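Undergrad: Contents of final15.txt (compact mmCIF, C-alpha atoms) are below:
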# COMPACT_ATOMS: atom_id res chain seq x y z
CA MET A 83 149.88 143.36 59.83
CA LEU A 84 147.37 142.57 62.53
CA ASN A 85 148.29 140.99 65.82
CA TYR A 86 146.58 137.59 66.00
CA LYS A 87 147.28 136.95 69.67
CA GLY A 88 144.91 134.34 70.99
CA ASN A 89 144.43 132.49 67.70
CA LEU A 90 145.82 129.10 66.76
CA TRP A 91 148.01 129.24 63.63
CA VAL A 92 149.63 126.59 61.48
CA GLN A 93 151.30 126.57 58.07
CA LYS A 94 152.28 130.22 57.64
CA ASN A 95 149.34 131.93 59.32
CA TYR A 96 146.54 129.61 58.25
CA VAL A 97 144.07 130.24 61.07
CA LEU A 98 142.04 127.51 62.74
CA GLY A 99 139.96 129.77 64.93
CA ASN A 100 139.91 131.25 68.41
CA LYS A 101 142.05 129.03 70.63
CA THR A 102 140.31 129.98 73.87
CA GLN A 103 136.95 128.78 72.51
CA TYR A 104 138.17 125.42 71.20
CA PRO A 105 136.67 123.39 74.07
CA LEU A 106 133.23 124.69 73.08
CA PHE A 107 133.85 123.84 69.41
CA LEU A 108 135.06 120.33 70.25
CA GLY A 109 132.04 119.90 72.51
CA THR A 110 129.79 120.90 69.61
CA VAL A 111 131.47 118.35 67.34
CA ALA A 112 131.20 115.62 69.99
CA GLY A 113 127.53 116.39 70.65
CA THR A 114 126.72 116.33 66.94
CA LEU A 115 128.52 113.01 66.47
CA LEU A 116 126.63 111.48 69.40
CA LEU A 117 123.34 112.68 67.91
CA TYR A 118 124.18 111.19 64.53
CA LEU A 119 125.33 107.90 66.07
CA TYR A 120 122.04 107.65 67.95
CA CYS A 121 120.10 108.39 64.76
CA ASP A 122 122.07 105.83 62.74
CA PHE A 123 122.39 102.91 65.16
CA VAL A 124 119.08 103.27 66.98
CA LEU A 125 116.50 104.97 64.79
CA LEU A 126 117.62 104.11 61.26
CA GLN A 127 118.46 100.48 61.95
CA LYS A 128 115.17 100.05 63.74
CA TYR A 129 112.70 101.92 61.58
CA CYS A 130 114.20 102.61 58.14
CA GLU A 131 113.04 99.96 55.68
CA ILE A 132 114.83 101.48 52.66
CA PRO A 133 118.62 100.81 52.79
CA ASN A 134 119.46 103.44 50.18
CA LEU A 135 117.60 106.08 52.18
CA SER A 136 119.77 105.28 55.20
CA LYS A 137 122.87 105.80 53.04
CA VAL A 138 121.53 109.17 51.86
CA ILE A 139 120.95 110.31 55.45
CA VAL A 140 124.42 109.19 56.53
CA THR A 141 125.92 111.03 53.54
CA PHE A 142 124.26 114.28 54.62
CA GLN A 143 125.49 113.71 58.16
CA ILE A 144 129.06 113.31 56.93
CA LEU A 145 128.73 116.47 54.82
CA SER A 146 127.43 118.27 57.89
CA ILE A 147 130.47 117.29 59.99
CA TYR A 148 132.79 118.22 57.11
CA SER A 149 131.14 121.65 56.82
CA MET A 150 131.52 122.16 60.56
CA PHE A 151 135.29 121.74 60.37
CA ARG A 152 135.51 123.90 57.24
CA VAL A 153 133.70 126.74 59.01
CA ASN A 154 136.26 126.58 61.79
CA MET A 155 139.38 125.98 59.70
CA THR A 156 138.70 128.51 56.92
CA GLU A 157 140.07 132.01 57.51
CA PRO A 158 136.89 134.13 57.53
CA GLY A 159 138.18 137.09 55.49
CA VAL A 160 140.34 139.02 57.93
CA GLN A 161 141.21 142.54 56.82
CA MET A 162 145.02 142.45 56.57
CA GLN A 163 145.67 146.00 55.37
CA THR A 164 146.63 148.10 58.36
CA ILE A 165 148.24 151.49 58.87
CA SER A 166 150.52 152.24 61.79
CA ASN A 167 150.68 156.01 61.11
CA ASP A 168 147.35 157.46 59.99
CA LYS A 169 148.43 161.09 59.95
CA TYR A 170 148.16 161.39 56.14
CA PHE A 171 145.44 158.78 55.60
CA ASP A 172 142.01 160.08 54.57
CA GLY A 173 140.14 156.75 54.62
CA LYS A 174 138.32 155.00 57.42
CA LEU A 175 140.38 153.08 60.00
CA CYS A 176 139.35 150.74 62.77
CA GLU A 177 140.00 152.45 66.09
CA LYS A 178 140.94 149.17 67.76
CA CYS A 179 143.22 147.36 65.28
CA LYS A 180 144.07 150.15 62.79
CA ALA A 181 142.84 148.08 59.84
CA ILE A 182 141.55 149.88 56.76
CA LYS A 183 137.77 149.59 56.92
CA PHE A 184 135.93 149.03 53.68
CA ASP A 185 132.16 148.67 53.41
CA ARG A 186 130.83 145.68 55.38
CA CYS A 187 134.07 145.31 57.30
CA TYR A 188 133.56 145.16 61.07
CA HIS A 189 135.72 144.53 64.10
CA CYS A 190 135.19 141.34 66.11
CA LYS A 191 135.77 142.07 69.77
CA PHE A 192 136.30 138.39 70.56
CA CYS A 193 139.04 137.75 67.97
CA ASP A 194 140.38 141.34 67.98
CA HIS A 195 140.51 141.83 64.21
CA CYS A 196 138.33 143.21 61.42
CA VAL A 197 136.54 140.81 59.07
CA ASN A 198 135.22 141.54 55.58
CA ASP A 199 131.49 140.85 55.13
CA PHE A 200 131.29 140.21 58.85
CA GLU A 201 128.21 138.26 59.94
CA ALA A 202 128.83 137.41 63.58
CA HIS A 203 131.20 135.63 65.91
CA CYS A 204 130.07 132.02 66.33
CA PHE A 205 131.13 130.60 69.68
CA LEU A 206 130.06 127.07 68.74
CA MET A 207 132.42 127.18 65.75
CA ALA A 208 135.08 129.16 67.68
CA THR A 209 135.57 131.62 64.83
CA CYS A 210 134.15 134.65 63.08
CA ILE A 211 131.71 134.16 60.22
CA GLY A 212 132.70 136.29 57.25
CA ARG A 213 133.31 136.43 53.52
CA ARG A 214 135.22 133.17 53.12
CA ASN A 215 133.52 130.74 55.52
CA ILE A 216 129.86 131.82 55.41
CA LYS A 217 129.13 129.33 52.62
CA TYR A 218 130.35 126.47 54.81
CA LEU A 219 127.99 127.63 57.55
CA LEU A 220 125.22 127.53 54.96
CA GLY A 221 126.24 123.98 54.09
CA LEU A 222 126.34 123.01 57.77
CA VAL A 223 122.79 124.11 58.59
CA THR A 224 121.42 122.85 55.24
CA PHE A 225 122.93 119.36 55.38
CA THR A 226 121.95 119.00 59.03
CA GLY A 227 118.40 120.09 58.26
CA ILE A 228 118.03 117.66 55.35
CA ALA A 229 119.30 114.72 57.41
CA LEU A 230 116.93 115.51 60.28
CA TYR A 231 113.93 116.08 58.00
CA LEU A 232 114.45 112.71 56.28
CA LEU A 233 114.70 111.00 59.64
CA LEU A 234 111.54 112.79 60.80
CA LEU A 235 109.64 111.55 57.72
CA ILE A 236 110.73 107.97 58.47
CA LEU A 237 109.42 108.22 62.04
CA ILE A 238 106.14 109.82 60.95
CA TYR A 239 105.67 107.04 58.41
CA LYS A 240 106.23 104.41 61.09
CA LEU A 241 103.82 106.20 63.42
CA PHE A 242 100.86 106.49 61.03
CA VAL A 243 101.39 103.68 58.52
CA SER A 244 103.20 100.81 60.20
CA ASP A 245 101.97 98.80 63.15
CA CYS A 246 104.17 99.90 66.06
CA LYS A 247 101.85 100.14 69.07
CA LYS A 248 104.45 98.68 71.42
CA GLU A 249 106.94 101.44 70.62
CA LEU A 250 104.44 104.26 70.19
CA THR A 251 105.74 106.36 73.09
CA PHE A 252 109.37 105.98 72.01
CA ILE A 253 108.59 107.08 68.45
CA ILE A 254 106.52 110.07 69.59
CA LEU A 255 109.30 111.26 71.92
CA ASN A 256 111.82 111.10 69.09
CA ILE A 257 109.45 112.95 66.73
CA VAL A 258 108.94 115.70 69.30
CA SER A 259 112.70 115.99 69.83
CA LEU A 260 113.36 116.28 66.08
CA VAL A 261 110.58 118.84 65.63
CA LEU A 262 111.95 121.01 68.45
CA THR A 263 115.44 120.79 66.95
CA LEU A 264 114.20 121.76 63.49
CA VAL A 265 112.12 124.63 64.88
CA HIS A 266 115.36 126.19 66.16
CA LEU A 267 117.35 125.28 63.02
CA ASN A 268 114.88 126.46 60.36
CA PRO A 269 115.36 130.22 60.96
CA PHE A 270 119.12 129.84 60.43
CA ILE A 271 118.58 127.92 57.18
CA TYR A 272 116.05 130.41 55.85
CA THR A 273 117.99 133.53 56.88
CA THR A 274 121.31 132.31 55.46
CA TRP A 275 119.85 131.31 52.09
CA ARG A 276 117.82 134.54 51.85
CA ASN A 277 120.79 136.75 52.70
CA ALA A 278 122.94 134.91 50.16
CA SER A 279 120.30 135.47 47.46
CA GLN A 280 120.32 139.22 48.13
CA ASN A 281 124.04 139.66 48.83
CA TRP A 282 123.21 140.82 52.35
CA THR A 283 125.10 140.51 55.58
CA LYS A 284 123.32 140.14 58.89
CA LYS A 285 123.51 143.90 59.48
CA GLU A 286 121.88 144.68 56.10
CA MET A 287 119.03 142.19 56.05
CA ASN A 288 116.36 144.60 57.36
CA ARG A 289 117.53 147.72 55.51
CA THR A 290 116.90 146.77 51.87
CA LYS A 291 113.80 145.53 50.06
CA PHE A 292 113.91 141.94 48.79
CA ASN A 293 114.61 141.60 45.06
CA GLY A 294 112.97 138.51 43.58
CA SER A 295 114.50 138.77 40.10
CA PHE A 296 115.83 135.37 38.98
CA SER A 297 118.96 136.82 37.35
CA TYR A 298 119.70 138.93 40.44
CA ILE A 299 119.36 135.96 42.78
CA TYR A 300 121.40 133.72 40.44
CA ASN A 301 124.27 136.21 40.22
CA ASN A 302 124.29 136.68 43.99
CA TYR A 303 124.41 132.93 44.61
CA LYS A 304 127.20 132.62 42.04
CA GLN A 305 129.20 135.30 43.81
CA PHE A 306 128.39 133.79 47.22
CA PHE A 307 129.77 130.36 46.36
CA THR A 308 132.83 131.56 44.41
CA ARG A 309 134.29 134.33 46.58
CA PHE A 310 136.77 132.05 48.29
CA TYR A 311 140.06 133.31 46.89
CA ASP A 312 139.63 137.07 47.31
CA SER A 313 141.04 137.20 50.84
CA GLN A 314 144.27 139.10 51.34
CA LEU A 315 145.40 136.54 53.89
CA TYR A 316 145.00 133.70 51.37
CA ALA A 317 146.91 135.70 48.73
CA SER A 318 149.84 136.35 51.08
CA PHE A 319 149.74 132.73 52.20
CA MET A 320 150.07 131.48 48.62
CA GLN A 321 152.88 133.91 47.80
CA ASN A 322 154.95 132.66 50.72
Represent the structure of the file as structure tokens.

TA:
Amino acid sequence: MLNYKGNLWVQKNYVLGNKTQYPLFLGTVAGTLLLYLYCDFVLLQKYCEIPNLSKVIVTFQILSIYSMFRVNMTEPGVQMQTISNDKYFDGKLCEKCKAIKFDRCYHCKFCDHCVNDFEAHCFLMATCIGRRNIKYLLGLVTFTGIALYLLLLILIYKLFVSDCKKELTFIILNIVSLVLTLVHLNPFIYTTWRNASQNWTKKEMNRTKFNGSFSYIYNNYKQFFTRFYDSQLYASFMQN
């Protein structure tokens, strides 16, 4: 079994992420909450004339925060099969942690273990992104994007339709801020959804031609959102 030194564990090896990077993760959560509080108690209360639309935006914000914690608290798909004596083993082993390396299994130098369907190590989430938590990252960027886009539409409506000359500068500054945020967020949303539709990892996205077949994309999305219980760590956790 791998040595998980440096990780925070509770309940029989259920991993919460890289302990040394937790201040950055908590800072990300705090910053996101402050942004949402500003949006809710300043912008929505002031400019949103449709109460139900405000509730929809708040719902997406809550889903975004929930997804953020799920990304961090879900074990990413750590490769648990290791070999201490590889003298008679013909397969591929990781040179650093001695884990059996299957296709799309890569070693994370920050967490010191191999992860199946490894995407990257996310410092803001203080964990690796892999087979079991990538869908929560998709939810995080998607829910955040929807909430910000709806808020942007409200501000644009107030700018061009409603009479708000006294607060024109304030509205424009908020629109510019939201646009800049979405410009940085959109590539993550697009890339994650596209890779999920093709069953790609980050390392494979530029090696294979895009397949636009509906059945192919549907099956890949189905696999993407249902491959939660195939982790060896989860199986051993349930058996204990």

Undergrad: Please work out which residues fall within 12 Å of (113.3, 120.7, 62.2), coordinates as given in the file, with only C-alpha atoms counting, and return them as a PyMOL selection string.

TA: chain A and resi 223-235+256-272

Undergrad: Which distance in Å separates atom CA of A:Trp275 and atom CA of A:Leu220, to one decimal?

TA: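 So the answer is 7.2 Å.
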
Undergrad: Given the choices A:Trp282, A:Tyr188, A:Phe242, A:Phe292, which gets closest to A:Gln305 if the distance is worked out from all atoms listed in the file?

TA: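 Checking each of A:Trp282, A:Tyr188, A:Phe242, A:Phe292 against A:Gln305, counting all atoms listed in the file, the winner is A:Trp282.
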
Undergrad: Just to confirm, what's the straight-line distance from atom CA of A:Asp122 to atom CA of A:Leu222 in Å (one decimal)?

TA: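 Taking atom CA of A:Asp122 and atom CA of A:Leu222, their separation equals 18.4 Å.
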
Undergrad: List the residues sitting within 10 Å of (107.6, 105.1, 67.1) in the file's frame, using all atoms listed in the file, as a list of chain:residue names.

TA: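 Applying the cut-off with all atoms listed in the file, one gets A:Leu125, A:Lys128, A:Tyr129, A:Ile236, A:Leu237, A:Ile238, A:Tyr239, A:Lys240, A:Leu241, A:Phe242, A:Ser244, A:Asp245, A:Cys246, A:Lys247, A:Lys248, A:Glu249, A:Leu250, A:Thr251, A:Phe252, A:Ile253, A:Ile254, A:Leu255, A:Asn256, A:Ile257.
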
Undergrad: At what distance in Å, to one decimal, does atom CA of A:Val140 lie from atom CA of A:Leu117?

TA: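 Taking atom CA of A:Leu117 as the start and atom CA of A:Val140 as the end point, the length is 12.0 Å.
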
Undergrad: Set the distance at 8 Å and use all atoms listed in the file: which residues neighbour A:Gln280 once local chain neighbours fewer than 5 positions away are removed? I'd like the list as a PyMOL selection string.

TA: chain A and resi 292-293+298-299+302

Undergrad: My list of candidates is A:Asn277, A:Thr102, A:Thr283, A:Thr114. Which is closest to A:Tyr148 when distances are computed with all atoms listed in the file?

TA: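 Looking at the shortest contact to A:Tyr148, the residue is A:Thr114.
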
Undergrad: Using all atoms listed in the file, find the one residue out of A:Cys204, A:Met150, A:Val197, A:Ala278 that sits nearest to A:Tyr218.

TA: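 The answer is A:Met150, which sits nearest to A:Tyr218.
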
Undergrad: Using all atoms listed in the file, which protein or nucleic acid residues come within 9 Å of A:Ile216? Drop anything in the same chain fewer than 4 positions from it, and give the result as a list of chain:residue names.

TA: A:Val153, A:Pro158, A:Glu201, A:Ile211, A:Gly212, A:Leu220, A:Gly221, A:Thr274, A:Phe306
